[in-house]
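Heads up, target18.pdb below (PDB, C-alpha atoms):
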ATOM      1  CA  MET O   1     -30.834  18.789  -3.855
ATOM      2  CA  PHE O   2     -28.982  19.481  -0.633
ATOM      3  CA  GLU O   3     -28.573  15.720  -0.090
ATOM      4  CA  ASN O   4     -27.002  15.320  -3.531
ATOM      5  CA  LYS O   5     -24.588  18.173  -2.829
ATOM      6  CA  SER O   6     -23.604  16.701   0.535
ATOM      7  CA  ARG O   7     -23.100  13.274  -1.002
ATOM      8  CA  ALA O   8     -20.991  14.742  -3.800
ATOM      9  CA  SER O   9     -18.861  16.726  -1.349
ATOM     10  CA  SER O  10     -18.402  13.694   0.919
ATOM     11  CA  SER O  11     -17.414  11.466  -2.012
ATOM     12  CA  HIS O  12     -14.979  14.156  -3.202
ATOM     13  CA  SER O  13     -13.415  14.397   0.261
ATOM     14  CA  HIS O  14     -13.164  10.607   0.532
ATOM     15  CA  ARG O  15     -11.500  10.458  -2.881
ATOM     16  CA  ALA O  16      -9.044  13.165  -1.846
ATOM     17  CA  LEU O  17      -8.211  11.323   1.375
ATOM     18  CA  ASN O  18      -7.761   8.095  -0.570
ATOM     19  CA  ILE O  19      -5.366   9.699  -3.070
ATOM     20  CA  SER O  20      -3.412  11.467  -0.346
ATOM     21  CA  GLY O  21      -3.027   8.258   1.673
ATOM     22  CA  THR O  22      -1.826   6.279  -1.349
ATOM     23  CA  VAL O  23       0.621   9.004  -2.385
ATOM     24  CA  LEU O  24       1.883   9.252   1.190
ATOM     25  CA  LEU O  25       2.513   5.501   1.218
ATOM     26  CA  GLY O  26       4.484   5.816  -2.035
ATOM     27  CA  THR O  27       6.414   8.760  -0.631
ATOM     28  CA  THR O  28       7.489   6.777   2.427
ATOM     29  CA  ALA O  29       8.596   3.972   0.111
ATOM     30  CA  GLY O  30      10.675   6.462  -1.891
ATOM     31  CA  ILE O  31      12.267   7.780   1.311
ATOM     32  CA  SER O  32      13.089   4.210   2.304
ATOM     33  CA  GLY O  33      14.747   3.734  -1.085
ATOM     34  CA  ILE O  34      16.860   6.845  -0.597
ATOM     35  CA  SER O  35      17.899   5.739   2.897
ATOM     36  CA  ALA O  36      18.758   2.241   1.615
ATOM     37  CA  ASN O  37      20.864   3.802  -1.120
ATOM     38  CA  LEU O  38      22.735   5.905   1.434
ATOM     39  CA  VAL O  39      23.437   2.814   3.549
ATOM     40  CA  PHE O  40      24.834   0.763   0.669
ATOM     41  CA  ILE O  41      26.759   3.662  -0.865
ATOM     42  CA  SER O  42      28.688   4.060   2.379
ATOM     43  CA  CYS O  43      29.035   0.301   2.731
ATOM     44  CA  PHE O  44      30.383  -0.362  -0.780
ATOM     45  CA  LYS O  45      32.194   3.015  -0.882
ATOM     46  CA  VAL O  46      30.644   3.935  -4.202
ATOM     47  CA  SER O  47      31.113   7.512  -5.433
ATOM     48  CA  TYR O  48      30.179   7.053  -9.106
ATOM     49  CA  ASP O  49      26.764   7.292 -10.774
ATOM     50  CA  THR O  50      25.124   8.185  -7.475
ATOM     51  CA  LEU O  51      22.582  10.466  -9.138
ATOM     52  CA  LYS O  52      21.240   7.606 -11.242
ATOM     53  CA  THR O  53      20.920   5.298  -8.267
ATOM     54  CA  PHE O  54      19.200   7.951  -6.152
ATOM     55  CA  THR O  55      16.736   8.693  -8.961
ATOM     56  CA  SER O  56      15.839   5.061  -9.560
ATOM     57  CA  LEU O  57      15.602   4.245  -5.855
ATOM     58  CA  ALA O  58      13.276   7.182  -5.260
ATOM     59  CA  THR O  59      10.948   6.586  -8.218
ATOM     60  CA  LEU O  60      10.727   2.791  -8.555
ATOM     61  CA  PRO O  61       9.599   2.070  -4.944
ATOM     62  CA  PHE O  62       7.129   4.963  -5.175
ATOM     63  CA  LEU O  63       5.526   3.666  -8.361
ATOM     64  CA  SER O  64       5.517   0.022  -7.279
ATOM     65  CA  SER O  65       3.897   0.784  -3.925
ATOM     66  CA  VAL O  66       1.209   3.045  -5.453
ATOM     67  CA  VAL O  67       0.276   0.521  -8.167
ATOM     68  CA  THR O  68       0.358  -2.484  -5.828
ATOM     69  CA  TYR O  69      -1.690  -0.704  -3.161
ATOM     70  CA  LYS O  70      -4.314   0.256  -5.730
ATOM     71  CA  LEU O  71      -4.591  -3.288  -7.057
ATOM     72  CA  LEU O  72      -4.648  -5.082  -3.714
ATOM     73  CA  VAL O  73      -6.363  -2.606  -1.372
ATOM     74  CA  THR O  74      -8.134   0.281  -3.103
ATOM     75  CA  ASP O  75      -9.887  -1.779  -5.794
ATOM     76  CA  ALA O  76     -10.987  -4.349  -3.219
ATOM     77  CA  LEU O  77     -12.404  -1.584  -1.029
ATOM     78  CA  CYS O  78     -14.323  -0.114  -3.970
ATOM     79  CA  LEU O  79     -15.850  -3.515  -4.696
ATOM     80  CA  GLY O  80     -16.704  -3.979  -1.021
ATOM     81  CA  ASN O  81     -15.407  -7.552  -0.751
ATOM     82  CA  ILE O  82     -12.712  -7.029   1.889
ATOM     83  CA  SER O  83     -12.855  -7.111   5.664
ATOM     84  CA  LYS O  84     -11.178  -4.767   8.104
ATOM     85  CA  GLU O  85      -8.516  -7.289   9.121
ATOM     86  CA  ASN O  86      -7.825  -8.258   5.523
ATOM     87  CA  CYS O  87      -7.484  -4.603   4.522
ATOM     88  CA  ALA O  88      -4.987  -3.925   7.308
ATOM     89  CA  LEU O  89      -3.023  -7.085   6.431
ATOM     90  CA  ARG O  90      -2.833  -6.217   2.736
ATOM     91  CA  SER O  91      -1.739  -2.674   3.484
ATOM     92  CA  LEU O  92       0.925  -4.010   5.862
ATOM     93  CA  LEU O  93       2.269  -6.444   3.247
ATOM     94  CA  VAL O  94       2.370  -3.760   0.550
ATOM     95  CA  SER O  95       4.167  -1.384   2.905
ATOM     96  CA  ILE O  96       6.797  -3.966   3.865
ATOM     97  CA  MET O  97       7.316  -5.473   0.410
ATOM     98  CA  CYS O  98       7.335  -2.270  -1.645
ATOM     99  CA  GLY O  99       8.581   0.066   1.079
ATOM    100  CA  VAL O 100      11.439  -1.940   2.610
ATOM    101  CA  LEU O 101      12.319  -5.198   0.855
ATOM    102  CA  HIS O 102      12.138  -3.896  -2.709
ATOM    103  CA  PRO O 103      14.253  -0.745  -2.083
ATOM    104  CA  THR O 104      16.779  -2.718  -0.016
ATOM    105  CA  ALA O 105      17.243  -5.388  -2.681
ATOM    106  CA  LEU O 106      17.427  -2.758  -5.413
ATOM    107  CA  ALA O 107      20.017  -0.651  -3.583
ATOM    108  CA  PHE O 108      22.018  -3.761  -2.691
ATOM    109  CA  SER O 109      22.092  -4.925  -6.301
ATOM    110  CA  LYS O 110      22.858  -1.567  -7.929
ATOM    111  CA  ASN O 111      25.582  -0.482  -5.510
ATOM    112  CA  GLY O 112      27.115  -3.960  -5.482
ATOM    113  CA  CYS O 113      27.417  -3.893  -9.264
ATOM    114  CA  LEU O 114      28.899  -0.398  -9.161
ATOM    115  CA  ALA O 115      31.404  -1.487  -6.515
ATOM    116  CA  VAL O 116      32.567  -4.351  -8.730
ATOM    117  CA  LYS O 117      32.634  -2.119 -11.814
ATOM    118  CA  TYR O 118      34.748   0.636 -10.255
ATOM    119  CA  HIS O 119      36.736  -1.662  -7.924
ATOM    120  CA  THR O 120      35.823   0.205  -4.737
ATOM    121  CA  VAL O 121      35.757  -3.028  -2.715
ATOM    122  CA  PRO O 122      37.780  -6.254  -2.983
ATOM    123  CA  LEU O 123      36.582  -8.528  -5.758
ATOM    124  CA  PRO O 124      34.525 -11.503  -4.543
ATOM    125  CA  PRO O 125      35.646 -15.070  -5.220
ATOM    126  CA  LYS O 126      34.074 -16.887  -8.136
ATOM    127  CA  GLY O 127      30.737 -18.483  -7.352
ATOM    128  CA  ARG O 128      30.267 -16.597  -4.052
ATOM    129  CA  VAL O 129      29.403 -13.103  -5.226
ATOM    130  CA  LEU O 130      26.120 -12.790  -3.318
ATOM    131  CA  LEU O 131      27.526 -14.306  -0.116
ATOM    132  CA  HIS O 132      30.561 -12.037  -0.301
ATOM    133  CA  ARG O 133      28.386  -8.927  -0.642
ATOM    134  CA  VAL O 134      26.100  -9.956   2.209
ATOM    135  CA  LEU O 135      29.011 -10.611   4.544
ATOM    136  CA  PHE O 136      30.638  -7.363   3.497
ATOM    137  CA  CYS O 137      27.639  -5.206   4.520
ATOM    138  CA  GLN O 138      25.992  -7.331   7.219
ATOM    139  CA  VAL O 139      26.636  -4.692   9.880
ATOM    140  CA  ASP O 140      25.331  -1.691   7.936
ATOM    141  CA  ILE O 141      22.253  -3.492   6.676
ATOM    142  CA  LYS O 142      20.899  -3.578  10.241
ATOM    143  CA  LEU O 143      20.153   0.132   9.865
ATOM    144  CA  MET O 144      17.256  -0.834   7.599
ATOM    145  CA  MET O 145      15.400  -2.022  10.690
ATOM    146  CA  ILE O 146      14.372   1.611  11.252
ATOM    147  CA  PRO O 147      12.451   1.872   7.942
ATOM    148  CA  LEU O 148      11.045  -1.606   8.565
ATOM    149  CA  ILE O 149       9.518  -0.594  11.908
ATOM    150  CA  PHE O 150       8.205   2.658  10.469
ATOM    151  CA  GLN O 151       6.675   1.005   7.397
ATOM    152  CA  THR O 152       5.040  -1.673   9.555
ATOM    153  CA  CYS O 153       3.301   0.903  11.745
ATOM    154  CA  PHE O 154       2.390   3.149   8.837
ATOM    155  CA  GLY O 155       1.040   0.282   6.744
ATOM    156  CA  LEU O 156      -1.316  -0.821   9.519
ATOM    157  CA  PHE O 157      -2.457   2.736  10.175
ATOM    158  CA  ASN O 158      -3.017   3.489   6.493
ATOM    159  CA  GLY O 159      -5.019   0.308   5.921
ATOM    160  CA  LEU O 160      -7.282   0.917   8.914
ATOM    161  CA  GLN O 161      -7.788   4.549   7.929
ATOM    162  CA  HIS O 162      -8.735   3.675   4.360
ATOM    163  CA  TYR O 163     -11.160   1.016   5.546
ATOM    164  CA  ALA O 164     -12.828   3.569   7.826
ATOM    165  CA  ILE O 165     -13.067   6.047   4.935
ATOM    166  CA  TYR O 166     -14.851   3.538   2.712
ATOM    167  CA  GLU O 167     -17.019   2.106   5.491
ATOM    168  CA  ARG O 168     -18.403   5.453   6.692
ATOM    169  CA  PRO O 169     -20.685   6.133   3.659
ATOM    170  CA  ARG O 170     -22.064   2.581   3.780
ATOM    171  CA  LYS O 171     -23.139   2.984   7.387
ATOM    172  CA  LYS O 172     -24.883   6.256   6.494
ATOM    173  CA  LEU O 173     -26.531   4.755   3.416
ATOM    174  CA  LEU O 174     -28.282   1.910   5.262
ATOM    175  CA  PRO O 175     -30.378   4.073   7.648
ATOM    176  CA  GLU O 176     -31.248   6.436   4.783
ATOM    177  CA  THR O 177     -32.643   3.620   2.663
ATOM    178  CA  LEU O 178     -34.659   2.279   5.590
ATOM    179  CA  ASN O 179     -36.078   5.707   6.457
ATOM    180  CA  SER O 180     -36.929   6.615   2.864
ATOM    181  CA  GLY O 181     -39.050   3.476   2.455
ATOM    182  CA  THR O 182     -37.264   2.197  -0.631
ATOM    183  CA  TYR O 183     -37.307  -1.362   0.600
ATOM    184  CA  CYS O 184     -39.631  -3.791  -1.195
ATOM    185  CA  ARG O 185     -43.044  -4.661   0.145
ATOM    186  CA  VAL O 186     -44.587  -7.977  -0.766
ATOM    187  CA  LYS O 187     -48.373  -7.865  -1.140
ATOM    188  CA  VAL O 188     -50.238 -11.024  -0.219
ATOM    189  CA  PRO O 189     -53.229 -11.570  -2.505
ATOM    190  CA  LYS O 190     -56.627 -11.611  -0.820
ATOM    191  CA  PHE O 191     -58.950 -14.450  -1.759
ATOM    192  CA  PRO O 192     -62.720 -14.159  -1.493
ATOM    193  CA  ARG O 193     -64.469 -16.027   1.214
ATOM    194  CA  GLY O 194     -65.340 -19.562   0.400
ATOM    195  CA  ILE O 195     -62.395 -20.110  -1.942
ATOM    196  CA  SER O 196     -59.846 -22.536  -0.569
ATOM    197  CA  THR O 197     -56.184 -21.613  -0.899
ATOM    198  CA  GLU O 198     -55.032 -25.216  -0.505
ATOM    199  CA  VAL O 199     -53.674 -26.945  -3.606
TER     200      VAL O 199
END
Entire entry expressed as structure tokens:
Amino acid sequence: MFENKSRASSSHSHRALNISGTVLLGTTAGISGISANLVFISCFKVSYDTLKTFTSLATLPFLSSVVTYKLLVTDALCLGNISKENCALRSLLVSIMCGVLHPTALAFSKNGCLAVKYHTVPLPPKGRVLLHRVLFCQVDIKLMMIPLIFQTCFGLFNGLQHYAIYERPRKKLLPETLNSGTYCRVKVPKFPRGISTEV
């Protein structure tokens, strides 16, 4: 009875740590989206529809990082078919892709379109819209190296922590099964004397 209660409390604590780590990863992605929006708002000198861009850049990276992390890391950990290095690598890729690259591309696209719509920057030449925008904000975009470094460190830490959370009950379960004697015993049949066992 006490063992069942301890197992239930440990599984509840592991589930709580898992949810908090995933939500924290999504929160950092949302903060990266807000910081990317601030960078490109000042770069493109956009002062219109800022509330919409801030809302989308806070929610979309959060949701994408939470869903992607669950599909690539959490579900694989629950199935038990992922190694420690693979877990850390997947968490790192999710943190970089959904926490830096996705918010940066989204903020770049939205604020670039708003800059063209409200004529806050010079219009790009035909056929070179993307190149014109990149050259226009190539200095300010270097500020996104700060979220990139942070997301890289946090992604590695979060992946290793989640692997340790899921690995701890398995290490405890193996000695318990050996001590309880639940392993299978194979009985060898005994033949009477004089009967040959050779075929």
Excluding same-chain residues fewer than 2 positions from segment 75-84 of chain O, what lies within 9 Å of it counting all atoms listed in the file, as a list in words? Tyr69, Lys70, Leu71, Leu72, Val73, Asn86, Cys87, Ala88, Leu89, Gly159, Leu160, His162, Tyr163, Ala164, Tyr166 and Glu167 of chain O
Practice task
Would you list the contacts of Val66 of chain O as number ranges by chain, taking every protein, DNA or RNA residue within 7 Å and counting all atoms listed in the file, but skipping same-chain residues closer than 5 positions in sequence?
Solution key: O: 22-23, 26
The PyMOL selection byres ((chain O and resi 57) around 9) - which residues does that actually catch in the file I just gave you? List them as a PyMOL selection string. chain O and resi 30-34+36-37+52-56+58-62+103+106-107
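Distances here use all atoms listed in the file; by that measure, the residue among O:Leu25, O:His102, O:Phe108, O:Lys45 closest to Pro122 of chain O is O:Lys45.
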Practice problem: Name the residues that the PyMOL selection byres ((chain O and resi 146) around 12) pulls out of this structure, and write them as a count of residues only. | Solution: 21
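Counting only C-alpha atoms and comparing O:Asn18, O:Lys110, O:Val67, O:Ser47, the residue that lies closest to Gln161 of chain O is O:Asn18.
The smallest atom-to-atom distance between Ala29 of chain O and any of O:Val116, O:Gly155, O:Asn111, O:Phe136, using all atoms listed in the file, is found for O:Gly155.
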(request) Have a look at atom CA of Leu24 of chain O and atom CA of Val94 of chain O and let me know their distance in Å, one decimal. (result)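 If I compute the distance from atom CA of Leu24 of chain O to atom CA of Val94 of chain O, I get 13.0 Å.
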As a check of understanding: the span from atom CA of Asn158 of chain O to atom CA of Leu101 of chain O is 18.5 Å
Please compute the atom CA of Val139 of chain O-atom CA of Ala105 of chain O distance, one decimal, in Å.
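Interatomic distance, atom CA of Val139 of chain O to atom CA of Ala105 of chain O: 15.7 Å.
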